[in-house]
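The next block holds one structure in the form of structure tokens; read it before the comments.
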Amino acid sequence: MNAIEKQLQLQPNRRMSYIMTIGIVCLLCIWSVTTIHFENVSVNGTKIAKNIFVGLLNPDWSLIVNWTTTGIPYLLIETMAIAFLGTIVGALLAIPLAFLSASNIVPKPISFIVRFLLIIIRTIPAIVYGLMFIRVTGPGPFAGVLTMSLTSIGMLSKLYVDVIEDLDKSILESMEAIGCTLMEKIRYGIWPQLTALFLSIVIYRFDMNLRDATILGLVGAGGIGAPLIFAMNAYKWSEVGAILLGLVLLILMVEYMSNRLRMKLVKG
Amino acid sequence: MQWKLLSPKKIVLPNGKEVLEKRSFIPVMWLILFILMVLAIRITGFSLDILVHRMQQFFVILQQMIPPNVAYLSKLWQPLFDTIKMSLLGSIAGALCALPIAILAATNITKHKGLAMMCKFILSLLRTLPTLIIALIATFIFGLGTMAGTVAIFLFTIAYVGKLLYEQIENANMDAYEAMQSMGLTTMQAFRYAILPQILPNYLSTSLFCFEGNVRYASILGYVGAGGIGLLLNESLGWRSYENVGMILLMLVCTVFLIETTSEYFRKKLM
Amino acid sequence: MIEFKKVEKRYPNGLLALNQINLHIEQGEFVAIIGLSGAGKSTLLRCINKMHDITGGTLHVNNVNVHQLKGKHIRQLRRNIGMIFQSFNLVTRVSVLKNVLVSFVPNMPVWRKVLGIFTKEEKRSALMALDQVGILDKAYVRVDQLSGGQQQRVALARTLAQNPQIILADEPVASLDPVTAKQVMEDFKRINQELKMTILLNIHHVDLALAYATRVIGVRNGEIVFDGQVDEINEETLGFIYHNTNQERGVTNYAMEAAVTEKNSIA
């Protein structure tokens, strides 16, 4: 019995730290509750929710089959084009930046500065970029492309760096033994390792950019965002329904294809 | 990947042996990529010319942002805290609600296949809708203000954490689970004692990571009227008071940097 | 008491896993079930606590008809039956003590169940179970830092804490080295003699089965081909149980020889 009592006392007591953590989280929650208010949920609010639902169920088909430049299909394609180009430009720009921020390739101070720069680029909301680029290119999808490129750089370089820091250096050793120059080492030793993974990351980012590109229309940078918000402000719920339906279908399709592509890339 | 129209190339070695080399798909891929790019350039009106000539306009605004208007700071605190609160509450509530949905979506715990598929579909759907659009719709339902933003973040977090969570549950080690069922524990009890300990570190880490991203998202939500610092951003941009915008951005960067560093520290400790 | 009457288990694809099983096991017996892989030993064991369902015949455990049990009653049946697995089936990231404490969960109130808070009494009982298998000193160690033999004893302690009347063990020593395997078998024997628990053991090592069990059941192709006391086993009966194609006869002959010599040396 004595040995058992002794073991009972020896119990590691992590109870204090559990209680403290949970306590802090609860406090944070209570502090944040001020953000919840139900007063504004007027009778209007629930009516609108119902209307949106109804609108989704009987979308305005005329818009969906409208093949001109103001119709949904064209706008969706425009949105896709914005996301596509934006991703490519962003992907290209992110490569050098990623290498510059990888601590196993450049000295520590440089990588730290570049990382800080990247954080700033990542934090500035897309809206701000959108407005800045509209000054450069005028309103329209071009501004959208440039905005998307900048916003992609942030996440792309972060993901790239993860891949770079996990590089298999052993192949460089064997290439050195064969007598290859630096360029050849990069082209045949490092590049093959990176391409498949980089491509996978880029496709993943394209998926997300497609969703973000829809927002650009709100600032007049092209795409399907503008008609959506006009329709909502005008309470034209079946139009809203049509646009949302088209959007969801597009994203689901792209997501499906991008998943298949990424599987093929990873598995060879 | 074999391109059916092109038959494999035959290589004949000096000693008479034949080797069949599959035709590579890659040149075709480059071609498709090129065509898509040209199309996209046409559609979006991409023009290197304009870019080169007007690029300095981009920096005009940037120059106006520096130095930022420090006096603006006093107006910023409340909305900044609002933004943090929105993301905090939305993330915590979302992460909590993601667990039951993920359990229902995992085919190794939920015996009813139809239910699991439906939950997976709901999660997919929630992830598909852009957060800003959910926020927009929420402002119509809940009125302008932080409630709409919290709801939007809540729904997005459920989708993001939920998907990663059910993937982990489905890949978890079921040995201890089987043992507990043989002892007479219910499905839920067996889950809590056998599977939960396995997925807990990753669950917490994912939720923290989602919170990080949500803070950045929350700043934009204000643009559609869903509360937080985005409202002030919208206002300042409209009035073209770029010194104010500069101040807002500065505060935003500092906040995000702080949150990301703390969050990364905790995430490393969890793993 | 376990009673099989003409029990049959047929899978949907037509495979007959158990064929006309008739068995009567009294409380407190130590039974070893031997036979080739795929003969139906695991299936037999798992039918007893309804992890598998039978498709014909009747199966009674302590006068309760197992096939008709539903929901809560299945769990009540299982609480009375402990199970030991070949791969130990422990929660590896968690401490030894926490693994044993899980046995008390079905009887706890909801709030303590969800939060995972155990009383001092429960912890004491768990520690006593650990003491009975001789690993009290490892109570707060993480399971994945223990050796195979130690892990199996944690599993045993977990079952003891459950205080069952019947223990089903599916190849408990298959992953262990010979010395540790003997230790675990000693534990089983002690539990059977001191606590009077019925023990049903699936085992490949015929020598261990013959050394520790009192009764042996031989299973071949889903049927019981031998059921008797340990001293009734000889080379001929073993050959009958392990009968297979001519190619494998060499191996089985060797195994049988080793088993019989071992048995003779102990006897």
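Ordering of the structure tokens sets the chain letters (A, B, ...), residue numbers begin anew at 1 in every chain, and ligands are numbered from 1 in the order given.
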Item checked: Exercise: segment 149-157 of chain A partners within 8 Å, only C-alpha atoms, chain neighbours under 3 positions left out, as a PyMOL selection string -> chain A and resi 85-91+93-95+97-98+118-119+121-122+126+129+145-146+160-161+201-202+205+209
Next item on the list: When you get a sec, could you note down which chain B residues fall within 7 Å of chain A, using only C-alpha atoms, as an NGL selection string?
Entry: :B and (37 or 40 or 43-46 or 50 or 54-55 or 57-58 or 61 or 82 or 85-86 or 89 or 128-130 or 132 or 140-143 or 146-147 or 216 or 220 or 249 or 253)
Got a sec to pull out which chain C residues are within 6 Å of chain B, counting only C-alpha atoms, and send them as an mmCIF file with C-alpha atoms, in the first residue's frame?
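Done, and the output landed in selection08.cif:
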```
data_model
loop_
_atom_site.group_PDB
_atom_site.id
_atom_site.type_symbol
_atom_site.label_atom_id
_atom_site.label_comp_id
_atom_site.auth_asym_id
_atom_site.auth_seq_id
_atom_site.Cartn_x
_atom_site.Cartn_y
_atom_site.Cartn_z
ATOM 1 C CA ARG C 75 -21.950 -2.186 -23.775
ATOM 2 C CA ARG C 78 -18.604 -5.786 -22.954
ATOM 3 C CA ARG C 79 -17.911 -4.157 -19.612
ATOM 4 C CA ASN C 89 -4.022 -1.024 -28.629
ATOM 5 C CA LEU C 90 -2.957 1.659 -26.160
ATOM 6 C CA VAL C 91 -3.056 5.441 -26.547
ATOM 7 C CA PRO C 106 -18.374 3.971 -18.433
#
```
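With distances restricted to only C-alpha atoms, B:Ala172 is the closest residue to Ile199 of chain B from B:Gly238, B:Pro8, B:Ala172, B:Asp49.
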Notebook entry, point to check: Could you state the separation of atom CA of Met175 of chain A and atom CA of Lys158 of chain A in Å, given to one decimal place?
Noted result: 28.4 Å
Show me which bits of chain A are within 9 Å of chain C, counting only C-alpha atoms, as a CSV table (one decimal) with N, CA and C atoms, in the first residue's frame.
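The result, written out as result39.csv:
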```csv
chain,number,residue,atom,x,y,z
A,1,MET,N,0.8,-1.2,0.0
A,1,MET,CA,0.0,0.0,0.0
A,1,MET,C,0.9,1.2,0.0
A,3,ALA,N,3.8,1.8,-1.4
A,3,ALA,CA,4.3,2.2,-2.7
A,3,ALA,C,3.3,2.9,-3.5
A,4,ILE,N,2.0,2.5,-3.3
A,4,ILE,CA,1.0,3.1,-4.1
A,4,ILE,C,0.7,4.5,-3.7
A,5,GLU,N,0.6,4.7,-2.4
A,5,GLU,CA,0.4,6.0,-1.9
A,5,GLU,C,1.5,7.0,-2.4
A,7,GLN,N,3.2,6.7,-5.1
A,7,GLN,CA,3.0,7.1,-6.5
A,7,GLN,C,1.9,8.1,-6.6
A,8,LEU,N,0.9,8.0,-5.8
A,8,LEU,CA,-0.2,9.0,-5.9
A,8,LEU,C,0.3,10.4,-5.7
A,10,LEU,N,3.3,11.5,-6.2
A,10,LEU,CA,4.3,11.8,-7.3
A,10,LEU,C,3.7,12.4,-8.5
A,11,GLN,N,2.4,12.4,-8.5
A,11,GLN,CA,1.7,12.8,-9.8
A,11,GLN,C,2.1,14.2,-10.3
A,12,PRO,N,2.5,14.2,-11.6
A,12,PRO,CA,2.9,15.5,-12.1
A,12,PRO,C,1.7,16.4,-12.2
```
Next item on the list: For Gly218 of chain C, work out the shell of residues within 6 Å, counting only C-alpha atoms and skipping chain neighbours fewer than 5 positions away, then give it as a VMD selection string.
Entry: chain C and resid 33 to 35 224 to 226 241
Margin query: Between atom CA of Leu197 of chain A and atom CA of Leu164 of chain B, what distance in Å does the model show, to one decimal?
Written below: 19.9 Å
Checklist line | Nearest to Glu184 of chain A by atom-to-atom distance, counting only C-alpha atoms, from A:Leu172, A:Ser200, A:Met16, A:Pro73 | finding: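 Among A:Leu172, A:Ser200, A:Met16, A:Pro73, it is A:Leu172 that comes nearest to Glu184 of chain A.
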Considering only C-alpha atoms, return as an mmCIF file with N, CA and C atoms, in the first residue's frame whatever protein or nucleic-acid residues lie within 10 Å of Leu208 of chain B, sequence-local ones (same chain, fewer than 6 positions apart) excluded.
```cif
data_model
loop_
_atom_site.group_PDB
_atom_site.id
_atom_site.type_symbol
_atom_site.label_atom_id
_atom_site.label_comp_id
_atom_site.auth_asym_id
_atom_site.auth_seq_id
_atom_site.Cartn_x
_atom_site.Cartn_y
_atom_site.Cartn_z
ATOM 1 N N LEU B 88 -10.960 37.048 -32.855
ATOM 2 C CA LEU B 88 -10.786 36.148 -31.718
ATOM 3 C C LEU B 88 -12.039 35.323 -31.499
ATOM 4 N N SER B 91 -12.870 33.055 -34.427
ATOM 5 C CA SER B 91 -11.979 31.903 -34.535
ATOM 6 C C SER B 91 -12.265 30.880 -33.452
ATOM 7 N N ILE B 92 -12.423 31.325 -32.199
ATOM 8 C CA ILE B 92 -12.647 30.372 -31.104
ATOM 9 C C ILE B 92 -13.959 29.628 -31.324
ATOM 10 N N ALA B 95 -13.613 27.296 -34.313
ATOM 11 C CA ALA B 95 -12.801 26.102 -34.057
ATOM 12 C C ALA B 95 -13.573 25.105 -33.200
ATOM 13 N N VAL B 161 -10.879 24.847 -40.481
ATOM 14 C CA VAL B 161 -10.435 23.921 -39.438
ATOM 15 C C VAL B 161 -11.127 22.575 -39.599
ATOM 16 N N ASN B 202 -2.372 18.987 -33.216
ATOM 17 C CA ASN B 202 -2.558 19.524 -34.555
ATOM 18 C C ASN B 202 -3.791 20.416 -34.639
ATOM 19 N N ASN B 214 -7.134 35.121 -39.875
ATOM 20 C CA ASN B 214 -8.399 35.810 -39.694
ATOM 21 C C ASN B 214 -8.217 37.262 -39.301
ATOM 22 N N ILE B 259 0.923 39.362 -33.254
ATOM 23 C CA ILE B 259 0.086 38.170 -33.154
ATOM 24 C C ILE B 259 0.757 36.978 -33.823
ATOM 25 N N GLU B 260 1.359 37.219 -34.988
ATOM 26 C CA GLU B 260 1.986 36.089 -35.683
ATOM 27 C C GLU B 260 3.160 35.532 -34.902
ATOM 28 N N THR B 262 3.692 35.647 -31.586
ATOM 29 C CA THR B 262 3.219 34.912 -30.413
ATOM 30 C C THR B 262 2.618 33.577 -30.833
ATOM 31 N N SER B 263 1.801 33.645 -31.895
ATOM 32 C CA SER B 263 1.134 32.434 -32.332
ATOM 33 C C SER B 263 2.147 31.387 -32.804
ATOM 34 N N GLU B 264 3.185 31.836 -33.519
ATOM 35 C CA GLU B 264 4.184 30.875 -34.000
ATOM 36 C C GLU B 264 4.912 30.239 -32.828
ATOM 37 N N PHE B 266 3.694 29.663 -29.793
ATOM 38 C CA PHE B 266 2.851 28.642 -29.189
ATOM 39 C C PHE B 266 2.721 27.417 -30.079
ATOM 40 N N ARG B 267 2.687 27.651 -31.391
ATOM 41 C CA ARG B 267 2.508 26.511 -32.291
ATOM 42 C C ARG B 267 3.732 25.607 -32.259
#
```
Note to self: Neighbouring residues of Val70 of chain B were defined as those with any atom within 12 Å, considering only C-alpha atoms; residues of the same chain fewer than 3 positions away were excluded. Please report them as a PyMOL selection string.
What the structure shows: chain B and resi 65-67+73-76+243-251
Next item on the list: Find the residues around Leu232 of chain B up to 9 Å (only C-alpha atoms counted), leave out those fewer than 2 positions away in its own chain, and share them as a list in words.
Entry: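 Near neighbours after the sequence-gap exclusion: Leu76, Pro79, Gly222, Tyr223, Gly228, Ile229, Gly230, Asn234, Glu235, Ser236, Leu237, Val245 and Ile248 of chain B.
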Selection file, C-alpha atoms, as a PDB file, in the first residue's frame:
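The result, stored in out-v4.pdb:
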```pdb
ATOM      1  CA  LEU B  76      -7.643  53.966 -34.148  1.00  0.00           C
ATOM      2  CA  PRO B  79     -11.636  49.921 -34.145  1.00  0.00           C
ATOM      3  CA  GLY B 222     -14.717  46.556 -42.482  1.00  0.00           C
ATOM      4  CA  TYR B 223     -14.681  47.645 -46.076  1.00  0.00           C
ATOM      5  CA  GLY B 228     -13.436  46.974 -37.326  1.00  0.00           C
ATOM      6  CA  ILE B 229     -10.572  48.928 -38.720  1.00  0.00           C
ATOM      7  CA  GLY B 230     -11.662  48.388 -42.293  1.00  0.00           C
ATOM      8  CA  ASN B 234     -12.602  52.856 -46.266  1.00  0.00           C
ATOM      9  CA  GLU B 235     -13.272  56.338 -44.947  1.00  0.00           C
ATOM     10  CA  SER B 236      -9.696  57.531 -45.187  1.00  0.00           C
ATOM     11  CA  LEU B 237      -9.239  56.117 -48.652  1.00  0.00           C
ATOM     12  CA  VAL B 245      -4.133  55.442 -44.305  1.00  0.00           C
ATOM     13  CA  ILE B 248      -3.722  52.612 -40.116  1.00  0.00           C
TER      14      ILE B 248
END
```
Notebook entry, point to check: What is the atom CA of Leu238 of chain C to atom CA of Asp170 of chain C distance in Å?
Noted result: 20.1 Å
